[in-house]
file entry-v4.pdb (PDB, C-alpha atoms and all ligand atoms)
ATOM      1  CA  MET O   1      24.414  37.458 -12.436
ATOM      2  CA  ALA O   2      23.156  35.972  -9.151
ATOM      3  CA  LYS O   3      22.464  32.242  -9.092
ATOM      4  CA  THR O   4      18.777  31.381  -8.701
ATOM      5  CA  ALA O   5      17.094  28.960  -6.286
ATOM      6  CA  LEU O   6      13.482  27.786  -6.120
ATOM      7  CA  VAL O   7      12.110  26.891  -2.687
ATOM      8  CA  THR O   8       8.678  25.325  -2.176
ATOM      9  CA  GLY O   9       7.076  25.518   1.264
ATOM     10  CA  ALA O  10       8.794  28.889   1.761
ATOM     11  CA  SER O  11       5.954  30.581   3.661
ATOM     12  CA  SER O  12       6.903  29.001   6.984
ATOM     13  CA  GLY O  13       9.327  26.902   9.034
ATOM     14  CA  ILE O  14      12.235  25.090   7.392
ATOM     15  CA  GLY O  15      11.517  26.327   3.853
ATOM     16  CA  ARG O  16      11.413  29.960   4.938
ATOM     17  CA  GLU O  17      14.776  29.590   6.715
ATOM     18  CA  ILE O  18      16.326  27.839   3.723
ATOM     19  CA  ALA O  19      15.153  30.723   1.517
ATOM     20  CA  ARG O  20      16.687  33.230   3.963
ATOM     21  CA  ASP O  21      19.964  31.294   4.122
ATOM     22  CA  LEU O  22      20.181  30.962   0.318
ATOM     23  CA  SER O  23      19.513  34.673  -0.044
ATOM     24  CA  ALA O  24      22.298  35.419   2.473
ATOM     25  CA  ARG O  25      24.573  33.213   0.333
ATOM     26  CA  GLY O  26      23.912  35.491  -2.648
ATOM     27  CA  PHE O  27      21.179  33.525  -4.399
ATOM     28  CA  ARG O  28      18.204  35.162  -6.030
ATOM     29  CA  VAL O  29      15.305  33.201  -4.550
ATOM     30  CA  ILE O  30      11.973  32.195  -6.058
ATOM     31  CA  ILE O  31       9.666  31.401  -3.166
ATOM     32  CA  SER O  32       6.509  29.344  -3.435
ATOM     33  CA  ALA O  33       3.642  28.168  -1.197
ATOM     34  CA  ARG O  34      -0.130  28.755  -0.975
ATOM     35  CA  ARG O  35      -0.201  31.705   1.478
ATOM     36  CA  GLU O  36       0.589  34.737  -0.681
ATOM     37  CA  GLU O  37       0.661  37.265   2.182
ATOM     38  CA  ARG O  38       3.400  35.293   3.955
ATOM     39  CA  LEU O  39       5.423  35.020   0.748
ATOM     40  CA  ARG O  40       5.131  38.760   0.040
ATOM     41  CA  GLU O  41       6.373  39.548   3.572
ATOM     42  CA  LEU O  42       9.385  37.295   3.044
ATOM     43  CA  ALA O  43      10.052  38.746  -0.406
ATOM     44  CA  LYS O  44      10.134  42.248   1.104
ATOM     45  CA  GLU O  45      12.776  41.041   3.529
ATOM     46  CA  LEU O  46      14.873  39.220   0.907
ATOM     47  CA  GLY O  47      14.931  42.033  -1.648
ATOM     48  CA  ASP O  48      13.487  43.297  -4.906
ATOM     49  CA  ASN O  49      14.739  40.477  -7.097
ATOM     50  CA  THR O  50      12.819  37.843  -5.089
ATOM     51  CA  ARG O  51      10.016  36.254  -7.075
ATOM     52  CA  VAL O  52       6.802  35.008  -5.481
ATOM     53  CA  ILE O  53       4.803  32.185  -7.042
ATOM     54  CA  VAL O  54       1.634  31.137  -5.276
ATOM     55  CA  CYS O  55       1.137  27.440  -5.937
ATOM     56  CA  ASP O  56      -0.672  24.495  -4.384
ATOM     57  CA  VAL O  57       1.709  21.631  -5.123
ATOM     58  CA  SER O  58      -0.883  19.018  -4.156
ATOM     59  CA  ASP O  59      -2.402  19.738  -7.582
ATOM     60  CA  ARG O  60      -0.463  18.146 -10.482
ATOM     61  CA  GLU O  61      -1.420  20.900 -12.922
ATOM     62  CA  GLU O  62      -0.052  23.451 -10.453
ATOM     63  CA  CYS O  63       3.263  21.554 -10.226
ATOM     64  CA  LEU O  64       3.517  21.668 -14.015
ATOM     65  CA  ARG O  65       2.697  25.387 -13.975
ATOM     66  CA  LEU O  66       5.392  26.022 -11.362
ATOM     67  CA  TYR O  67       7.928  24.328 -13.629
ATOM     68  CA  GLU O  68       6.704  26.093 -16.786
ATOM     69  CA  GLU O  69       6.842  29.489 -15.085
ATOM     70  CA  THR O  70      10.392  28.987 -13.816
ATOM     71  CA  LYS O  71      12.138  26.722 -16.325
ATOM     72  CA  ASN O  72      13.791  29.658 -18.115
ATOM     73  CA  GLU O  73      15.039  31.257 -14.895
ATOM     74  CA  LYS O  74      18.337  29.306 -14.923
ATOM     75  CA  ILE O  75      17.574  27.722 -11.576
ATOM     76  CA  SER O  76      20.555  25.889 -10.107
ATOM     77  CA  VAL O  77      19.054  24.916  -6.727
ATOM     78  CA  LEU O  78      15.628  23.334  -6.217
ATOM     79  CA  VAL O  79      14.411  22.792  -2.660
ATOM     80  CA  ASN O  80      11.304  20.626  -2.327
ATOM     81  CA  CYS O  81      10.187  21.547   1.174
ATOM     82  CA  ALA O  82       6.366  21.790   1.017
ATOM     83  CA  GLY O  83       4.842  19.057   3.124
ATOM     84  CA  PHE O  84       2.706  18.186   6.121
ATOM     85  CA  GLY O  85       1.799  15.355   8.488
ATOM     86  CA  ALA O  86      -1.154  14.053  10.471
ATOM     87  CA  VAL O  87      -1.191  11.995  13.654
ATOM     88  CA  GLY O  88      -3.721   9.254  14.361
ATOM     89  CA  SER O  89      -4.408   5.595  13.730
ATOM     90  CA  PHE O  90      -4.539   4.567  10.085
ATOM     91  CA  ASP O  91      -8.164   3.379  10.261
ATOM     92  CA  GLU O  92      -9.295   6.690  11.737
ATOM     93  CA  LEU O  93      -7.423   9.370   9.785
ATOM     94  CA  PRO O  94      -9.558  10.766   6.931
ATOM     95  CA  LEU O  95      -8.677   9.370   3.505
ATOM     96  CA  ASP O  96      -8.860  12.852   1.946
ATOM     97  CA  THR O  97      -6.176  14.151   4.319
ATOM     98  CA  GLU O  98      -3.926  11.204   3.525
ATOM     99  CA  LEU O  99      -4.369  11.501  -0.241
ATOM    100  CA  LYS O 100      -3.570  15.197  -0.054
ATOM    101  CA  MET O 101      -0.485  14.305   1.981
ATOM    102  CA  ILE O 102       0.632  11.820  -0.663
ATOM    103  CA  ASP O 103       0.005  14.427  -3.399
ATOM    104  CA  THR O 104       2.070  17.018  -1.490
ATOM    105  CA  ASN O 105       4.832  14.933   0.107
ATOM    106  CA  VAL O 106       5.271  12.372  -2.675
ATOM    107  CA  THR O 107       3.761  13.267  -6.059
ATOM    108  CA  ALA O 108       4.851  16.924  -6.059
ATOM    109  CA  VAL O 109       8.389  16.018  -4.963
ATOM    110  CA  HIS O 110       8.514  13.311  -7.643
ATOM    111  CA  MET O 111       7.236  15.601 -10.396
ATOM    112  CA  LEU O 112       9.381  18.642  -9.593
ATOM    113  CA  THR O 113      12.501  16.514  -9.086
ATOM    114  CA  LYS O 114      11.986  14.850 -12.484
ATOM    115  CA  LEU O 115      11.145  18.043 -14.366
ATOM    116  CA  PHE O 116      14.099  20.037 -13.038
ATOM    117  CA  LEU O 117      16.535  17.120 -13.007
ATOM    118  CA  LYS O 118      16.230  16.769 -16.798
ATOM    119  CA  ASP O 119      17.319  20.395 -17.231
ATOM    120  CA  PHE O 120      20.037  20.092 -14.604
ATOM    121  CA  VAL O 121      21.433  16.961 -16.278
ATOM    122  CA  ALA O 122      21.399  18.680 -19.689
ATOM    123  CA  ALA O 123      23.381  21.581 -18.193
ATOM    124  CA  ASP O 124      25.477  19.213 -16.040
ATOM    125  CA  ARG O 125      25.012  21.363 -12.964
ATOM    126  CA  GLY O 126      22.535  21.954 -10.156
ATOM    127  CA  TYR O 127      21.406  20.783  -6.740
ATOM    128  CA  ILE O 128      18.104  19.257  -5.679
ATOM    129  CA  MET O 129      17.311  19.149  -1.978
ATOM    130  CA  ASN O 130      14.327  17.040  -0.976
ATOM    131  CA  ILE O 131      13.149  17.646   2.562
ATOM    132  CA  ALA O 132      12.295  14.174   3.830
ATOM    133  CA  SER O 133      12.408  13.410   7.575
ATOM    134  CA  SER O 134      14.004  11.024  10.048
ATOM    135  CA  ALA O 135      10.587   9.344   9.599
ATOM    136  CA  GLY O 136      11.827   8.298   6.165
ATOM    137  CA  LEU O 137      14.735   6.354   7.670
ATOM    138  CA  MET O 138      12.643   4.113   9.938
ATOM    139  CA  TYR O 139      10.724   0.877   9.318
ATOM    140  CA  GLY O 140       7.343   2.610   9.492
ATOM    141  CA  GLY O 141       5.521   5.004  11.783
ATOM    142  CA  PRO O 142       2.575   3.654  13.766
ATOM    143  CA  MET O 143       0.147   6.565  14.411
ATOM    144  CA  MET O 144       1.718   8.474  11.506
ATOM    145  CA  ALA O 145       1.669   5.652   8.964
ATOM    146  CA  THR O 146       1.066   7.680   5.800
ATOM    147  CA  TYR O 147       3.506  10.433   6.758
ATOM    148  CA  TYR O 148       6.325   7.948   7.451
ATOM    149  CA  ALA O 149       5.561   6.078   4.229
ATOM    150  CA  SER O 150       5.595   9.335   2.247
ATOM    151  CA  LYS O 151       8.996  10.307   3.633
ATOM    152  CA  THR O 152      10.384   6.796   3.043
ATOM    153  CA  TYR O 153       9.432   7.264  -0.618
ATOM    154  CA  VAL O 154      11.365  10.541  -0.739
ATOM    155  CA  VAL O 155      14.493   8.998   0.829
ATOM    156  CA  SER O 156      14.343   5.969  -1.468
ATOM    157  CA  LEU O 157      13.715   7.980  -4.644
ATOM    158  CA  THR O 158      16.452  10.498  -3.849
ATOM    159  CA  SER O 159      18.975   7.773  -2.984
ATOM    160  CA  ALA O 160      18.388   5.958  -6.272
ATOM    161  CA  ILE O 161      18.724   9.153  -8.323
ATOM    162  CA  TYR O 162      21.909  10.019  -6.412
ATOM    163  CA  GLU O 163      23.468   6.710  -7.435
ATOM    164  CA  GLU O 164      22.335   7.042 -11.082
ATOM    165  CA  LEU O 165      24.030  10.449 -11.217
ATOM    166  CA  ARG O 166      27.164   9.274  -9.410
ATOM    167  CA  ALA O 167      27.553   6.274 -11.724
ATOM    168  CA  ARG O 168      27.708   8.525 -14.777
ATOM    169  CA  ASN O 169      29.979  11.131 -13.139
ATOM    170  CA  SER O 170      27.291  13.802 -13.293
ATOM    171  CA  ARG O 171      27.979  17.083 -11.540
ATOM    172  CA  VAL O 172      24.303  17.300 -10.573
ATOM    173  CA  HIS O 173      23.717  16.575  -6.892
ATOM    174  CA  VAL O 174      20.564  15.357  -5.118
ATOM    175  CA  CYS O 175      20.113  14.954  -1.377
ATOM    176  CA  ALA O 176      17.473  14.081   1.213
ATOM    177  CA  VAL O 177      17.308  16.040   4.452
ATOM    178  CA  CYS O 178      16.126  13.906   7.370
ATOM    179  CA  PRO O 179      15.567  15.981  10.501
ATOM    180  CA  GLY O 180      13.892  14.833  13.690
ATOM    181  CA  PRO O 181      11.498  17.289  15.375
ATOM    182  CA  VAL O 182      11.883  20.910  14.216
ATOM    183  CA  ASP O 183      10.079  23.791  15.907
ATOM    184  CA  THR O 184       7.837  25.035  13.063
ATOM    185  CA  GLU O 185       4.111  25.189  12.316
ATOM    186  CA  PHE O 186       4.214  21.466  11.481
ATOM    187  CA  ASN O 187       2.516  20.526  14.785
ATOM    188  CA  ASP O 188      -0.267  23.095  14.367
ATOM    189  CA  VAL O 189      -1.057  21.602  10.963
ATOM    190  CA  ALA O 190      -0.808  18.028  12.282
ATOM    191  CA  ASN O 191      -2.754  19.029  15.438
ATOM    192  CA  CYS O 192      -0.229  17.486  17.822
ATOM    193  CA  LYS O 193       2.816  18.341  19.950
ATOM    194  CA  PHE O 194       6.310  16.820  20.053
ATOM    195  CA  GLY O 195       6.999  14.409  22.914
ATOM    196  CA  VAL O 196      10.757  14.990  22.524
ATOM    197  CA  SER O 197      12.942  18.097  22.171
ATOM    198  CA  SER O 198      13.152  19.938  18.867
ATOM    199  CA  ILE O 199      15.728  21.995  16.946
ATOM    200  CA  THR O 200      15.140  25.421  15.423
ATOM    201  CA  PRO O 201      14.321  25.764  11.722
ATOM    202  CA  GLN O 202      17.358  28.072  11.408
ATOM    203  CA  PHE O 203      19.696  25.315  12.631
ATOM    204  CA  CYS O 204      17.982  22.783  10.371
ATOM    205  CA  ALA O 205      18.291  25.040   7.307
ATOM    206  CA  LYS O 206      21.960  25.758   7.963
ATOM    207  CA  LYS O 207      22.860  22.084   8.367
ATOM    208  CA  ALA O 208      20.800  21.180   5.289
ATOM    209  CA  LEU O 209      22.594  23.691   3.055
ATOM    210  CA  VAL O 210      26.071  22.901   4.381
ATOM    211  CA  GLY O 211      25.334  19.217   3.770
ATOM    212  CA  MET O 212      23.957  19.793   0.284
ATOM    213  CA  PHE O 213      26.847  21.988  -0.881
ATOM    214  CA  GLY O 214      29.168  19.426   0.746
ATOM    215  CA  ARG O 215      27.492  16.911  -1.638
ATOM    216  CA  LYS O 216      26.099  14.621   1.079
ATOM    217  CA  LEU O 217      23.257  12.284   0.135
ATOM    218  CA  ILE O 218      21.462  11.880   3.486
ATOM    219  CA  ILE O 219      21.612  14.895   5.775
ATOM    220  CA  ILE O 220      20.600  14.419   9.402
ATOM    221  CA  PRO O 221      20.977  17.770  11.188
ATOM    222  CA  GLU O 222      20.919  16.494  14.793
ATOM    223  CA  LYS O 223      23.619  14.301  16.358
ATOM    224  CA  SER O 224      20.977  12.640  18.572
ATOM    225  CA  ILE O 225      18.905  11.544  15.565
ATOM    226  CA  LYS O 226      22.051  10.261  13.810
ATOM    227  CA  ALA O 227      22.788   8.117  16.883
ATOM    228  CA  LEU O 228      19.169   6.940  17.095
ATOM    229  CA  TYR O 229      19.170   5.945  13.422
ATOM    230  CA  ALA O 230      22.489   4.126  13.782
ATOM    231  CA  GLY O 231      21.077   2.178  16.746
ATOM    232  CA  ALA O 232      17.747   1.441  15.052
ATOM    233  CA  LYS O 233      19.552  -0.266  12.154
ATOM    234  CA  PHE O 234      20.732  -2.999  14.532
ATOM    235  CA  ALA O 235      17.524  -3.374  16.577
ATOM    236  CA  PRO O 236      14.771  -5.847  15.633
ATOM    237  CA  ARG O 237      12.069  -4.350  13.379
ATOM    238  CA  GLY O 238       9.306  -5.170  15.904
ATOM    239  CA  MET O 239      11.088  -3.313  18.680
ATOM    240  CA  VAL O 240      11.728  -0.228  16.527
ATOM    241  CA  LEU O 241       8.070  -0.152  15.448
ATOM    242  CA  LYS O 242       6.915  -0.421  19.077
ATOM    243  CA  VAL O 243       9.129   2.474  20.235
ATOM    244  CA  THR O 244       8.232   4.625  17.211
ATOM    245  CA  GLY O 245       4.529   4.038  17.848
ATOM    246  CA  LYS O 246       4.876   5.082  21.499
ATOM    247  CA  VAL O 247       6.718   8.291  20.532
ATOM    248  CA  GLN O 248       4.067   9.201  17.939
ATOM    249  CA  LYS O 249       1.171   8.421  20.309
ATOM    250  CA  LYS O 250       2.638  10.874  22.843
ATOM    251  CA  LYS O 251       2.136  13.619  20.268
ATOM    252  CA  LEU O 252      -1.615  13.350  20.840
ATOM    253  CA  ASP O 253      -1.260  14.051  24.603
ATOM    254  CA  LYS O 254      -1.677  17.798  24.125
TER     255      LYS O 254
HETATM  256  N1  LIG O 301       8.823  20.215  11.686
HETATM  257  C1  LIG O 301       9.317  18.997  11.765
HETATM  258  O1  LIG O 301       9.447  18.426  12.859
HETATM  259  C2  LIG O 301       9.791  18.282  10.531
HETATM  260  C3  LIG O 301      10.658  17.200  10.690
HETATM  261  C4  LIG O 301      11.094  16.524   9.569
HETATM  262  C5  LIG O 301      10.676  16.923   8.327
HETATM  263  N2  LIG O 301       9.821  17.976   8.187
HETATM  264  C6  LIG O 301       9.390  18.350   6.846
HETATM  265  O2  LIG O 301       9.818  19.669   6.587
HETATM  266  C7  LIG O 301       8.981  20.237   5.578
HETATM  267  C8  LIG O 301       8.575  21.635   6.013
HETATM  268  O3  LIG O 301       7.769  21.531   7.157
HETATM  269  P1  LIG O 301       7.891  22.537   8.396
HETATM  270  O4  LIG O 301       8.268  21.755   9.573
HETATM  271  O5  LIG O 301       8.681  23.710   8.014
HETATM  272  O6  LIG O 301       6.341  22.887   8.593
HETATM  273  P2  LIG O 301       5.502  24.219   8.327
HETATM  274  O7  LIG O 301       6.048  25.335   9.140
HETATM  275  O8  LIG O 301       4.094  23.824   8.533
HETATM  276  O9  LIG O 301       5.776  24.521   6.777
HETATM  277  C9  LIG O 301       5.186  23.755   5.759
HETATM  278  C10 LIG O 301       5.325  24.489   4.448
HETATM  279  O10 LIG O 301       4.779  23.678   3.408
HETATM  280  C11 LIG O 301       3.852  24.457   2.664
HETATM  281  N3  LIG O 301       2.803  23.619   2.104
HETATM  282  C12 LIG O 301       2.045  22.695   2.736
HETATM  283  N4  LIG O 301       1.143  22.160   1.883
HETATM  284  C13 LIG O 301       1.344  22.773   0.680
HETATM  285  C14 LIG O 301       0.723  22.682  -0.592
HETATM  286  N5  LIG O 301      -0.306  21.847  -0.832
HETATM  287  N6  LIG O 301       1.191  23.460  -1.599
HETATM  288  C15 LIG O 301       2.217  24.309  -1.391
HETATM  289  N7  LIG O 301       2.835  24.462  -0.211
HETATM  290  C16 LIG O 301       2.397  23.698   0.819
HETATM  291  C17 LIG O 301       3.312  25.476   3.663
HETATM  292  O11 LIG O 301       2.874  26.646   2.995
HETATM  293  P3  LIG O 301       1.359  27.100   2.763
HETATM  294  O12 LIG O 301       0.535  26.574   3.902
HETATM  295  O13 LIG O 301       1.445  28.594   2.719
HETATM  296  O14 LIG O 301       0.988  26.518   1.453
HETATM  297  C18 LIG O 301       4.568  25.808   4.451
HETATM  298  O15 LIG O 301       5.329  26.775   3.777
HETATM  299  C19 LIG O 301       7.824  19.268   5.375
HETATM  300  O16 LIG O 301       8.044  18.513   4.203
HETATM  301  C20 LIG O 301       7.899  18.389   6.608
HETATM  302  O17 LIG O 301       7.367  17.111   6.372
HETATM  303  C21 LIG O 301       9.366  18.669   9.267
END
call {"tool": "encode", "arguments": {"input": "entry-v4.pdb", "output": "C-alpha cells", "more": "lines below"}}
Ligand SMILES: NC(=O)c1ccc[n+]([C@@H]2O[C@H](COP(=O)([O-])OP(=O)(O)OC[C@H]3O[C@@H](n4cnc5c(N)ncnc54)[C@H](OP(=O)(O)O)[C@@H]3O)[C@@H](O)[C@H]2O)c1
result
Amino acid sequence: MAKTALVTGASSGIGREIARDLSARGFRVIISARREERLRELAKELGDNTRVIVCDVSDREECLRLYEETKNEKISVLVNCAGFGAVGSFDELPLDTELKMIDTNVTAVHMLTKLFLKDFVAADRGYIMNIASSAGLMYGGPMMATYYASKTYVVSLTSAIYEELRARNSRVHVCAVCPGPVDTEFNDVANCKFGVSSITPQFCAKKALVGMFGRKLIIIPEKSIKALYAGAKFAPRGMVLKVTGKVQKKKLDK
C-alpha cells in the first residue's frame, strides 16, 4: 500500500510542488487549501487516489476537522505549508490581516503539528515538515514584523520538538524549512515584489524533501541564504535589523 502524505497550502507555490514531488516519490497525497478548483486540477494530474480536502486553516474548527477527516488515513508525512505575509509598517497594517496571519502561520501549524505528532509518536514513525522561512531565523523583520514573528515561532517550536524527540530516541522526525525568496503567488497575496533574486518552488520543494528525508532539522534551500544567516549570527542585532528593514521596504517599490 502506498504511503500517505498530507500537504496544506497545496493549491499553489511551494505546497503544490511538494505535493507533486511526494507523488513522484510514490506517496498517495491528500491535498488541502481553500481554492477547490485549483486542488481538483492538481488531483487530476496526480492521479485517482489523490484526496482533496477544502479547508481554511485560519479557523481552529477547520483545523480540527482536517485532522478528524484524515486521522485514519495512516498518514506518515505532514507538510504544514499554508501561509501568507503582508508588507507595511506595524502601525499601519490592518489588525485583521495580522490576526489572520497568526491564525494561519502559527495557530494552524501548532494545532496540526500537535494533533498528528501524538499519532506519529504512538506509531513511532512519521515526518512533519513545517514551512517556516529565512524570516524565522532573523532577529525580527521591520516592515514585515508579524510575518517574521510568526515564522520565528515556527522555527522555535519545531526546534524544541525535534530535541524532545531526539532525546527519547524517537524515530519521528520534525523539520523547519527556511527558504529566502521563492517565486510563487506569495508576493501577489502580500501585494509586494522581491528586491532580491528568487528560487523556483520546484527547487525549494526538492531541497525541502531531500533535507527532511535526510533528517535535517533546519533546511535552508539556497546557499546564499545559508551564508547570509551564518554572517548575521555574528553581526550586531541593530545592524541586522537595519539591513532587514531596508530589504523589506524595497518590496513596496513596485
Ligand atoms: N514565496 C516565498 O518567498 C516564501 C519564502 C519563505 C517561506 N514561504 C512560505 O511558504 C509557504 C507557502 O507559500 P508560497 O510562497 O508557496 O505562496 P503561495 O503561492 O501564495 O501559496 C500559499 C498557499 O497557502 C494556502 N493558504 C493561505 N491561506 C490559507 C488558509 N487560511 N487556509 C488554507 N490554505 C491557505 C494557499 O491556498 P488557498 O489560497 O487556495 O487557500 C496556497 O496554497 C508559506 O507558509 C510562506 O510563508 C514563502
call {"tool": "residues_near_ligand", "arguments": {"input": "entry-v4.pdb", "ligand": "ligand LIG 301 (chain O)", "cutoff": "6 Å", "atoms": "all atoms listed in the file", "output": "number ranges by chain"}}
result
O: 9-15, 33-35, 55-58, 81-84, 104, 131-133, 179-186
call {"tool": "write_last_selection", "arguments": {"input": "entry-v4.pdb", "atoms": "C-alpha atoms", "output": "PDB file, in the frame of the given file"}}
result
ATOM      1  CA  GLY O   9       7.076  25.518   1.264  1.00  0.00           C
ATOM      2  CA  ALA O  10       8.794  28.889   1.761  1.00  0.00           C
ATOM      3  CA  SER O  11       5.954  30.581   3.661  1.00  0.00           C
ATOM      4  CA  SER O  12       6.903  29.001   6.984  1.00  0.00           C
ATOM      5  CA  GLY O  13       9.327  26.902   9.034  1.00  0.00           C
ATOM      6  CA  ILE O  14      12.235  25.090   7.392  1.00  0.00           C
ATOM      7  CA  GLY O  15      11.517  26.327   3.853  1.00  0.00           C
ATOM      8  CA  ALA O  33       3.642  28.168  -1.197  1.00  0.00           C
ATOM      9  CA  ARG O  34      -0.130  28.755  -0.975  1.00  0.00           C
ATOM     10  CA  ARG O  35      -0.201  31.705   1.478  1.00  0.00           C
ATOM     11  CA  CYS O  55       1.137  27.440  -5.937  1.00  0.00           C
ATOM     12  CA  ASP O  56      -0.672  24.495  -4.384  1.00  0.00           C
ATOM     13  CA  VAL O  57       1.709  21.631  -5.123  1.00  0.00           C
ATOM     14  CA  SER O  58      -0.883  19.018  -4.156  1.00  0.00           C
ATOM     15  CA  CYS O  81      10.187  21.547   1.174  1.00  0.00           C
ATOM     16  CA  ALA O  82       6.366  21.790   1.017  1.00  0.00           C
ATOM     17  CA  GLY O  83       4.842  19.057   3.124  1.00  0.00           C
ATOM     18  CA  PHE O  84       2.706  18.186   6.121  1.00  0.00           C
ATOM     19  CA  THR O 104       2.070  17.018  -1.490  1.00  0.00           C
ATOM     20  CA  ILE O 131      13.149  17.646   2.562  1.00  0.00           C
ATOM     21  CA  ALA O 132      12.295  14.174   3.830  1.00  0.00           C
ATOM     22  CA  SER O 133      12.408  13.410   7.575  1.00  0.00           C
ATOM     23  CA  PRO O 179      15.567  15.981  10.501  1.00  0.00           C
ATOM     24  CA  GLY O 180      13.892  14.833  13.690  1.00  0.00           C
ATOM     25  CA  PRO O 181      11.498  17.289  15.375  1.00  0.00           C
ATOM     26  CA  VAL O 182      11.883  20.910  14.216  1.00  0.00           C
ATOM     27  CA  ASP O 183      10.079  23.791  15.907  1.00  0.00           C
ATOM     28  CA  THR O 184       7.837  25.035  13.063  1.00  0.00           C
ATOM     29  CA  GLU O 185       4.111  25.189  12.316  1.00  0.00           C
ATOM     30  CA  PHE O 186       4.214  21.466  11.481  1.00  0.00           C
TER      31      PHE O 186
END
call {"tool": "atom_distance", "arguments": {"input": "entry-v4.pdb", "atom1": "CA of Arg25 in chain O", "atom2": "CA of Val172 in chain O"}}
result
19.3 Å
call {"tool": "closest_residue", "arguments": {"input": "entry-v4.pdb", "among": "O:Lys3, O:Arg51, O:Lys193, O:Arg16", "to": "Ala205 in chain O", "atoms": "only C-alpha atoms"}}
result
O:Arg16
call {"tool": "resolve_selection", "arguments": {"input": "entry-v4.pdb", "expression": "the PyMOL selection byres (((chain O and resi 250) around 12) and not hetatm)", "output": "CSV table (one decimal) with C-alpha atoms, keeping the file's coordinate frame"}}
result
chain,number,residue,atom,x,y,z
O,87,VAL,CA,-1.2,12.0,13.7
O,88,GLY,CA,-3.7,9.3,14.4
O,142,PRO,CA,2.6,3.7,13.8
O,143,MET,CA,0.1,6.6,14.4
O,144,MET,CA,1.7,8.5,11.5
O,192,CYS,CA,-0.2,17.5,17.8
O,193,LYS,CA,2.8,18.3,20.0
O,194,PHE,CA,6.3,16.8,20.1
O,195,GLY,CA,7.0,14.4,22.9
O,196,VAL,CA,10.8,15.0,22.5
O,243,VAL,CA,9.1,2.5,20.2
O,244,THR,CA,8.2,4.6,17.2
O,245,GLY,CA,4.5,4.0,17.8
O,246,LYS,CA,4.9,5.1,21.5
O,247,VAL,CA,6.7,8.3,20.5
O,248,GLN,CA,4.1,9.2,17.9
O,249,LYS,CA,1.2,8.4,20.3
O,251,LYS,CA,2.1,13.6,20.3
O,252,LEU,CA,-1.6,13.4,20.8
O,253,ASP,CA,-1.3,14.1,24.6
O,254,LYS,CA,-1.7,17.8,24.1
call {"tool": "resolve_selection", "arguments": {"input": "entry-v4.pdb", "expression": "the PyMOL selection byres (((chain O and resi 26) around 12) and not hetatm)", "output": "PyMOL selection string"}}
result
chain O and resi 1-5+19-25+27-29+46-47+49-50
call {"tool": "resolve_selection", "arguments": {"input": "entry-v4.pdb", "expression": "the PyMOL selection byres (((chain O and resi 225) around 12) and not hetatm)", "output": "ChimeraX atom specification"}}
result
/O:133-135,137-138,178-182,196-199,219-224,226-232
call {"tool": "residues_around", "arguments": {"input": "entry-v4.pdb", "residues": "range 156-159 of chain O", "least_positions_apart": "4", "cutoff": "12 Å", "atoms": "only C-alpha atoms", "output": "count of residues only"}}
result
37
call {"tool": "atom_distance", "arguments": {"input": "entry-v4.pdb", "atom1": "CA of Ala86 in chain O", "atom2": "CA of Tyr147 in chain O"}}
result
7.0 Å
call {"tool": "residues_around", "arguments": {"input": "entry-v4.pdb", "residues": "Glu98 in chain O", "least_positions_apart": "4", "cutoff": "7 Å", "atoms": "only C-alpha atoms", "output": "MDAnalysis selection string"}}
result
chainID O and resid 94 102 146
call {"tool": "closest_residue", "arguments": {"input": "entry-v4.pdb", "among": "O:Asn187, O:Asn169, O:Thr8, O:Ser32", "to": "Gly85 in chain O", "atoms": "all atoms listed in the file"}}
result
O:Asn187
